[in-house]
Each structure stands twice: as structure tokens, then as C-alpha cells.
Amino acid sequence: MSILPPGLRPAPPRLESPEPRSVPGERRAVVPSVSSERRRVVPSGSRERRVGRFGRVLVRLSPADRQVLGLYLLTRISLWITAHGARWLFPRGSDTRDAGPVLAPFQRWDANHYLHIARDGYFPADAGPWVSGWDNREAFFPGFPLLLRAVHTVVPSWTGAGLLISFVAGAVAVLALARIARSYVPEDVDGRRTVLFFLLSPCAVFLAVGYTEALFLAFALPAWLAAQRRHWASACTLTALATTVRVSGLFLAAAIAVLFALSARSQQAWRSVGWLALPALPPAAYSWYLHNRTGDWMAWKHAQERGWYREFHAPWEAWANTWNAAFDGVHTTGYAAMFQAELAAMLVGVALVAVLVRRRRRPEAVYVALSLWALGTSYWYTSIPRATLLWWPLWIGLAALSLRRPWLRTAYLCVAVPVTALVALAFLTGRWAG
């Protein structure tokens, strides 16, 4: 440590070599500098510079981020192996001699709706809900189909384009989830425990196929991370993007509004309150578009009612109808199993809300409770197991509990892994929902 006064500190020594003195009549050699040589050897736009940019992206990822991405990649590989095996071992029909296209297992159920919207639009050839046999495609929000159409300009396969979207979006989602987990559970130092619980959850297959869960979480989880850091403009902009994908984005917007109200202490903080209205704009724009085509402001909601029995019923009626479908022997065993899973997921959701309220996690409780209300007031329950993927407090809570009770992690893996494999096989072989 220097003992000189601040104004008398010695100048730092010069490390470079001094300029050689020129001698009259002597011709000096011109030596190119390192920077000019680098510019000459590595021209702009070259392969080396492209690799350099990619390397800088990797450098920005912490070792914890790389571990999370490694875990994510391993689970994707396991799902792809399952899909390949399902195509060969569990085909439709016992006399099948052809396993079918490689990507065929992924193009099932709602993935077909998104493909049709991206390829043909919402109302092709003036068809719509006024046509018999209409597929009610306006029930699906436009964010994923628009992105699918854009990616398809580069990826020739529609199914491949959907898988690429979910793959990239899933990577963003798990990185954000790990960072959120570290803020809630410091003991989960790299967030891998939370991500492991999430990626091995029973409905994890829907993160890897052409569905909206991965894309929604790629917006929603960074939005929540930004809201935790009081970056309201970023949080509301990302939430607005989430509302283009799923109506669940409005539930996230409500949770962020609650968080804002609880944390805004100064007049300067309240100047950001206008951002809270931004997430409502995409659903409003979509409703306006549907009204221009159908004359119905709530056309997307009415399409859900026609196609998926989502007309309003009291919660106890919805529970009773689902219970009867699960246990009264009216439906086939496949459908009955799906309804049993719906009941179990509802119980998990109710328990989660109770825990969040008890621990005074009011914003998160609002988010999960609104999701349960929307899904639990239909004729019967539909898609609640898939909705558990969107409840990030559930996976963080399980990770925190397993740190206090180490046996819980083993018990969870022993139960979740076979259930996850069964659900994946049910989807990949076309037997999901019966």
C-alpha cells in the first residue's frame, strides 16, 4: 500500500518499449501492429468472427447455467430415444410393417391445430364456426402459430419447426427457472435440483413437442425474474409476449400486478404503473381480429366451449363430473386414467395454493389460483396435468422440501420417472386422452 499522499502518487510505469530514435539518413522498417495484423488476417464477416461471437455467448453463461443446460440436453435425448422406440415398438395395429416417419410421433393432438393455423390461417377459404365439422381452431392464441410460420421459412418440415421452437424455448425456460430457484432457495446453489424436478415431471413430454408450454415459459419465467428485480418495463413486455401464446399470460399479469402493489414504496416506483396494462393488449387485439371475422368478441372462448366443454360450471359440479368420468366405468380405461390424472393434479394445485398463502407468497398464490379457477370451472377438468408445468412455485417448493428431507428426492424420482415415461408413451403413440 502506498504511503504517499493522493496528490503525490507516482505515475504508473510505462510497460511498452520506447520509440527508437531515428538517425538521419537511416531507413526505418515499418512493423505492422498486432491489431492491424489481426484485422488483415481475420476479415469482417469471416468464420473466425462468427465463432468468436458464439464463444462470447458461451462465456456469458455461468458454470451453473452450463450444468442446467447439460441436464436439459440429457432429458431431451431421453425423450427422443423414447419417441424412436415408441414408433417401432408400439405402432397402431398389430400387423404394421412400417414404423412411419421419424417425426410422426411428435405431430399429435394440439400440434395439428397449430400446424393448420400456421399453414392455412384461422379462417381458410372463408370457413369458420358457421361450417359443420369446424375444428374450433380460434380457441388457440396466435403467438405460437405465427412463430411456427416464421421458423418454417427456414426449416422445411412443419413438425421439425415446432420441435425447434420448443427446444430453444425450453432451454431459455430452464435457465430462467434455475435463476428464480436460486433466489428462493439459496441452498439449491445452481438450480439443478429444481430443474431436475421440473424436467422429470409427469407431463414433461409437452415441453419437447410442438405445444405452447415451452414457449410460454420462455417468456413467463424471465418476466417473473425481471419483476423480482423490479424491472417493470421488461417484466410487462415479456408478459405481453406470453399472452400472445396462452391466456395464462393474463394470470401472470395479475401476479405481477400484485407484486408491484406490494413492493412499490415510492412515488418514483409508481411511475411504472402504466406498464401493468401492456399484457392486456395482445388478447384485446386478438379478440378484435376475431370479432371482425365472426362478429363475436369472445370467439376464442366460445370455441373452447364447443370443442372442449369449457362452458362455466360451479367448481363442485366440475369435480363431480370429472369424478364420475374417472370411476363410474362409463369411459374406456384410457379416458378414465386421464380423468383420474386430472383429479390428482387439481388436488396438487389446491395444496400448492394453500402452502403459498400460508407462506405469504401472495403473487404466486394469485397466479396458481387463477389457473385453477379457469381449469376447474368447466364441465369437467381438462389439461390440468399439463398446467402443472406452468406452476414454477411447485417445482421450487419440491426442491426446497427435498433439501430438508433428502428421502423425498429419491421417492419423487421413483414415482415420477415411470409416470413420465407412461405419459410420454401415451402421447407419442397417439393414445393421449384415451
# chains A, B, ... in the order shown; residues from 1 in each chain; ligands from 1

$ residues_around --residues "A:Trp134" --least-positions-apart "3" --cutoff "12 Å" --atoms "only C-alpha atoms" --output "list in words"
His113, Tyr122, Phe123, Pro124, Asp126, Ala127, Gly128, Pro129, Trp130, Val131, Arg137, Glu138, Ala139, Ala303, Arg306 and Gly307 of chain A

$ write_last_selection --atoms "N, CA, C and O atoms" --output "compact mmCIF listing (two decimals), in the first residue's frame"
# COMPACT_ATOMS: atom_id res chain seq x y z
N HIS A 113 -53.42 -28.61 -34.63
CA HIS A 113 -54.14 -27.33 -34.69
C HIS A 113 -53.17 -26.19 -35.00
O HIS A 113 -53.45 -25.34 -35.85
N TYR A 122 -56.49 -18.75 -39.72
CA TYR A 122 -57.60 -19.09 -38.83
C TYR A 122 -58.89 -19.41 -39.59
O TYR A 122 -59.69 -20.23 -39.15
N PHE A 123 -59.11 -18.76 -40.72
CA PHE A 123 -60.37 -18.95 -41.45
C PHE A 123 -60.07 -19.19 -42.93
O PHE A 123 -60.31 -18.33 -43.77
N PRO A 124 -59.52 -20.37 -43.27
CA PRO A 124 -59.16 -20.64 -44.67
C PRO A 124 -60.40 -20.78 -45.54
O PRO A 124 -61.40 -21.40 -45.15
N ASP A 126 -62.74 -18.86 -46.22
CA ASP A 126 -63.96 -18.35 -45.59
C ASP A 126 -64.67 -19.39 -44.73
O ASP A 126 -65.87 -19.26 -44.46
N ALA A 127 -63.96 -20.43 -44.31
CA ALA A 127 -64.56 -21.39 -43.38
C ALA A 127 -64.46 -20.83 -41.97
O ALA A 127 -63.68 -19.93 -41.68
N GLY A 128 -65.29 -21.34 -41.08
CA GLY A 128 -65.30 -20.85 -39.71
C GLY A 128 -66.30 -21.61 -38.87
O GLY A 128 -66.80 -22.69 -39.27
N PRO A 129 -66.65 -21.09 -37.72
CA PRO A 129 -67.58 -21.79 -36.83
C PRO A 129 -68.98 -21.95 -37.41
O PRO A 129 -69.78 -22.70 -36.86
N TRP A 130 -69.26 -21.26 -38.49
CA TRP A 130 -70.56 -21.42 -39.15
C TRP A 130 -70.60 -22.62 -40.09
O TRP A 130 -71.63 -22.92 -40.66
N VAL A 131 -69.48 -23.35 -40.22
CA VAL A 131 -69.38 -24.52 -41.09
C VAL A 131 -69.47 -25.78 -40.23
O VAL A 131 -68.85 -25.87 -39.16
N ARG A 137 -60.41 -23.90 -34.28
CA ARG A 137 -59.01 -23.52 -34.16
C ARG A 137 -58.82 -22.13 -33.56
O ARG A 137 -57.73 -21.81 -33.07
N GLU A 138 -59.86 -21.29 -33.58
CA GLU A 138 -59.71 -19.96 -32.99
C GLU A 138 -59.58 -20.01 -31.47
O GLU A 138 -59.31 -18.98 -30.82
N ALA A 139 -59.75 -21.19 -30.87
CA ALA A 139 -59.52 -21.34 -29.43
C ALA A 139 -58.05 -21.16 -29.07
O ALA A 139 -57.73 -20.92 -27.90
N ALA A 303 -65.17 -21.00 -28.78
CA ALA A 303 -64.58 -22.16 -29.47
C ALA A 303 -64.13 -23.20 -28.46
O ALA A 303 -64.29 -24.41 -28.68
N ARG A 306 -67.26 -25.07 -27.32
CA ARG A 306 -67.77 -26.03 -28.30
C ARG A 306 -66.87 -27.26 -28.40
O ARG A 306 -67.37 -28.39 -28.51
N GLY A 307 -65.58 -27.04 -28.40
CA GLY A 307 -64.67 -28.14 -28.67
C GLY A 307 -64.21 -28.92 -27.46
O GLY A 307 -63.90 -30.11 -27.57

$ closest_residue --among "A:Leu164, A:Ala214, A:Ala226, A:Leu196" --to "A:Ile180" --atoms "only C-alpha atoms"
A:Ala226

$ closest_residue --among "A:Val195, A:Ser378, A:Ala284, A:Val348" --to "A:Gly70" --atoms "only C-alpha atoms"
A:Val195

$ atom_distance --atom1 "atom CA of A:Trp319" --atom2 "atom CA of A:Val350"
12.7 Å

$ closest_residue --among "A:Tyr286, A:Phe206, A:Phe140, A:Trp158" --to "A:Leu103" --atoms "only C-alpha atoms"
A:Trp158

$ residues_around --residues "A:Ala240" --least-positions-apart "6" --cutoff "9 Å" --atoms "only C-alpha atoms" --output "VMD selection string"
chain A and resid 219 249 to 250 253 278 to 283

$ write_last_selection --atoms "all heavy atoms" --output "mmCIF file, in the first residue's frame"
data_model
loop_
_atom_site.group_PDB
_atom_site.id
_atom_site.type_symbol
_atom_site.label_atom_id
_atom_site.label_comp_id
_atom_site.auth_asym_id
_atom_site.auth_seq_id
_atom_site.Cartn_x
_atom_site.Cartn_y
_atom_site.Cartn_z
ATOM 1 N N PHE A 219 -41.131 -16.968 -22.044
ATOM 2 C CA PHE A 219 -41.487 -15.572 -21.785
ATOM 3 C C PHE A 219 -41.854 -15.347 -20.319
ATOM 4 O O PHE A 219 -41.463 -14.350 -19.714
ATOM 5 C CB PHE A 219 -42.662 -15.158 -22.674
ATOM 6 C CG PHE A 219 -42.360 -15.128 -24.141
ATOM 7 C CD1 PHE A 219 -43.225 -15.712 -25.063
ATOM 8 C CD2 PHE A 219 -41.204 -14.526 -24.614
ATOM 9 C CE1 PHE A 219 -42.953 -15.688 -26.418
ATOM 10 C CE2 PHE A 219 -40.920 -14.494 -25.979
ATOM 11 C CZ PHE A 219 -41.798 -15.079 -26.880
ATOM 12 N N GLY A 249 -51.170 -16.037 -19.687
ATOM 13 C CA GLY A 249 -50.371 -14.849 -19.518
ATOM 14 C C GLY A 249 -51.090 -13.770 -18.719
ATOM 15 O O GLY A 249 -50.453 -12.973 -18.020
ATOM 16 N N LEU A 250 -52.416 -13.744 -18.801
ATOM 17 C CA LEU A 250 -53.180 -12.783 -18.007
ATOM 18 C C LEU A 250 -53.104 -13.117 -16.521
ATOM 19 O O LEU A 250 -53.131 -12.220 -15.672
ATOM 20 C CB LEU A 250 -54.637 -12.752 -18.476
ATOM 21 C CG LEU A 250 -54.860 -12.217 -19.898
ATOM 22 C CD1 LEU A 250 -56.332 -12.310 -20.270
ATOM 23 C CD2 LEU A 250 -54.367 -10.775 -20.009
ATOM 24 N N ALA A 253 -49.893 -11.748 -15.472
ATOM 25 C CA ALA A 253 -50.000 -10.294 -15.365
ATOM 26 C C ALA A 253 -50.636 -9.894 -14.036
ATOM 27 O O ALA A 253 -50.212 -8.914 -13.400
ATOM 28 C CB ALA A 253 -50.813 -9.745 -16.533
ATOM 29 N N LEU A 278 -49.922 -3.271 -20.229
ATOM 30 C CA LEU A 278 -49.406 -3.774 -21.513
ATOM 31 C C LEU A 278 -49.799 -5.219 -21.805
ATOM 32 O O LEU A 278 -50.173 -5.535 -22.951
ATOM 33 C CB LEU A 278 -47.884 -3.619 -21.532
ATOM 34 C CG LEU A 278 -47.184 -4.005 -22.836
ATOM 35 C CD1 LEU A 278 -47.652 -3.124 -23.980
ATOM 36 C CD2 LEU A 278 -45.660 -3.898 -22.672
ATOM 37 N N PRO A 279 -49.758 -6.157 -20.849
ATOM 38 C CA PRO A 279 -50.097 -7.553 -21.184
ATOM 39 C C PRO A 279 -51.530 -7.758 -21.670
ATOM 40 O O PRO A 279 -51.824 -8.791 -22.283
ATOM 41 C CB PRO A 279 -49.866 -8.290 -19.854
ATOM 42 C CG PRO A 279 -48.869 -7.463 -19.129
ATOM 43 C CD PRO A 279 -49.215 -6.055 -19.474
ATOM 44 N N ALA A 280 -52.418 -6.811 -21.399
ATOM 45 C CA ALA A 280 -53.799 -6.979 -21.854
ATOM 46 C C ALA A 280 -53.964 -6.661 -23.336
ATOM 47 O O ALA A 280 -55.000 -7.018 -23.943
ATOM 48 C CB ALA A 280 -54.740 -6.088 -21.035
ATOM 49 N N LEU A 281 -52.986 -6.008 -23.943
ATOM 50 C CA LEU A 281 -53.148 -5.570 -25.334
ATOM 51 C C LEU A 281 -53.186 -6.734 -26.333
ATOM 52 O O LEU A 281 -54.041 -6.731 -27.233
ATOM 53 C CB LEU A 281 -52.034 -4.584 -25.691
ATOM 54 C CG LEU A 281 -52.052 -3.262 -24.918
ATOM 55 C CD1 LEU A 281 -50.941 -2.341 -25.417
ATOM 56 C CD2 LEU A 281 -53.403 -2.582 -25.043
ATOM 57 N N PRO A 282 -52.290 -7.738 -26.257
ATOM 58 C CA PRO A 282 -52.384 -8.829 -27.245
ATOM 59 C C PRO A 282 -53.712 -9.582 -27.209
ATOM 60 O O PRO A 282 -54.302 -9.814 -28.278
ATOM 61 C CB PRO A 282 -51.196 -9.726 -26.884
ATOM 62 C CG PRO A 282 -50.209 -8.809 -26.247
ATOM 63 C CD PRO A 282 -51.042 -7.842 -25.465
ATOM 64 N N PRO A 283 -54.249 -9.990 -26.041
ATOM 65 C CA PRO A 283 -55.574 -10.629 -26.065
ATOM 66 C C PRO A 283 -56.666 -9.711 -26.600
ATOM 67 O O PRO A 283 -57.581 -10.174 -27.300
ATOM 68 C CB PRO A 283 -55.821 -10.990 -24.588
ATOM 69 C CG PRO A 283 -54.472 -11.065 -23.982
ATOM 70 C CD PRO A 283 -53.670 -10.030 -24.689
#
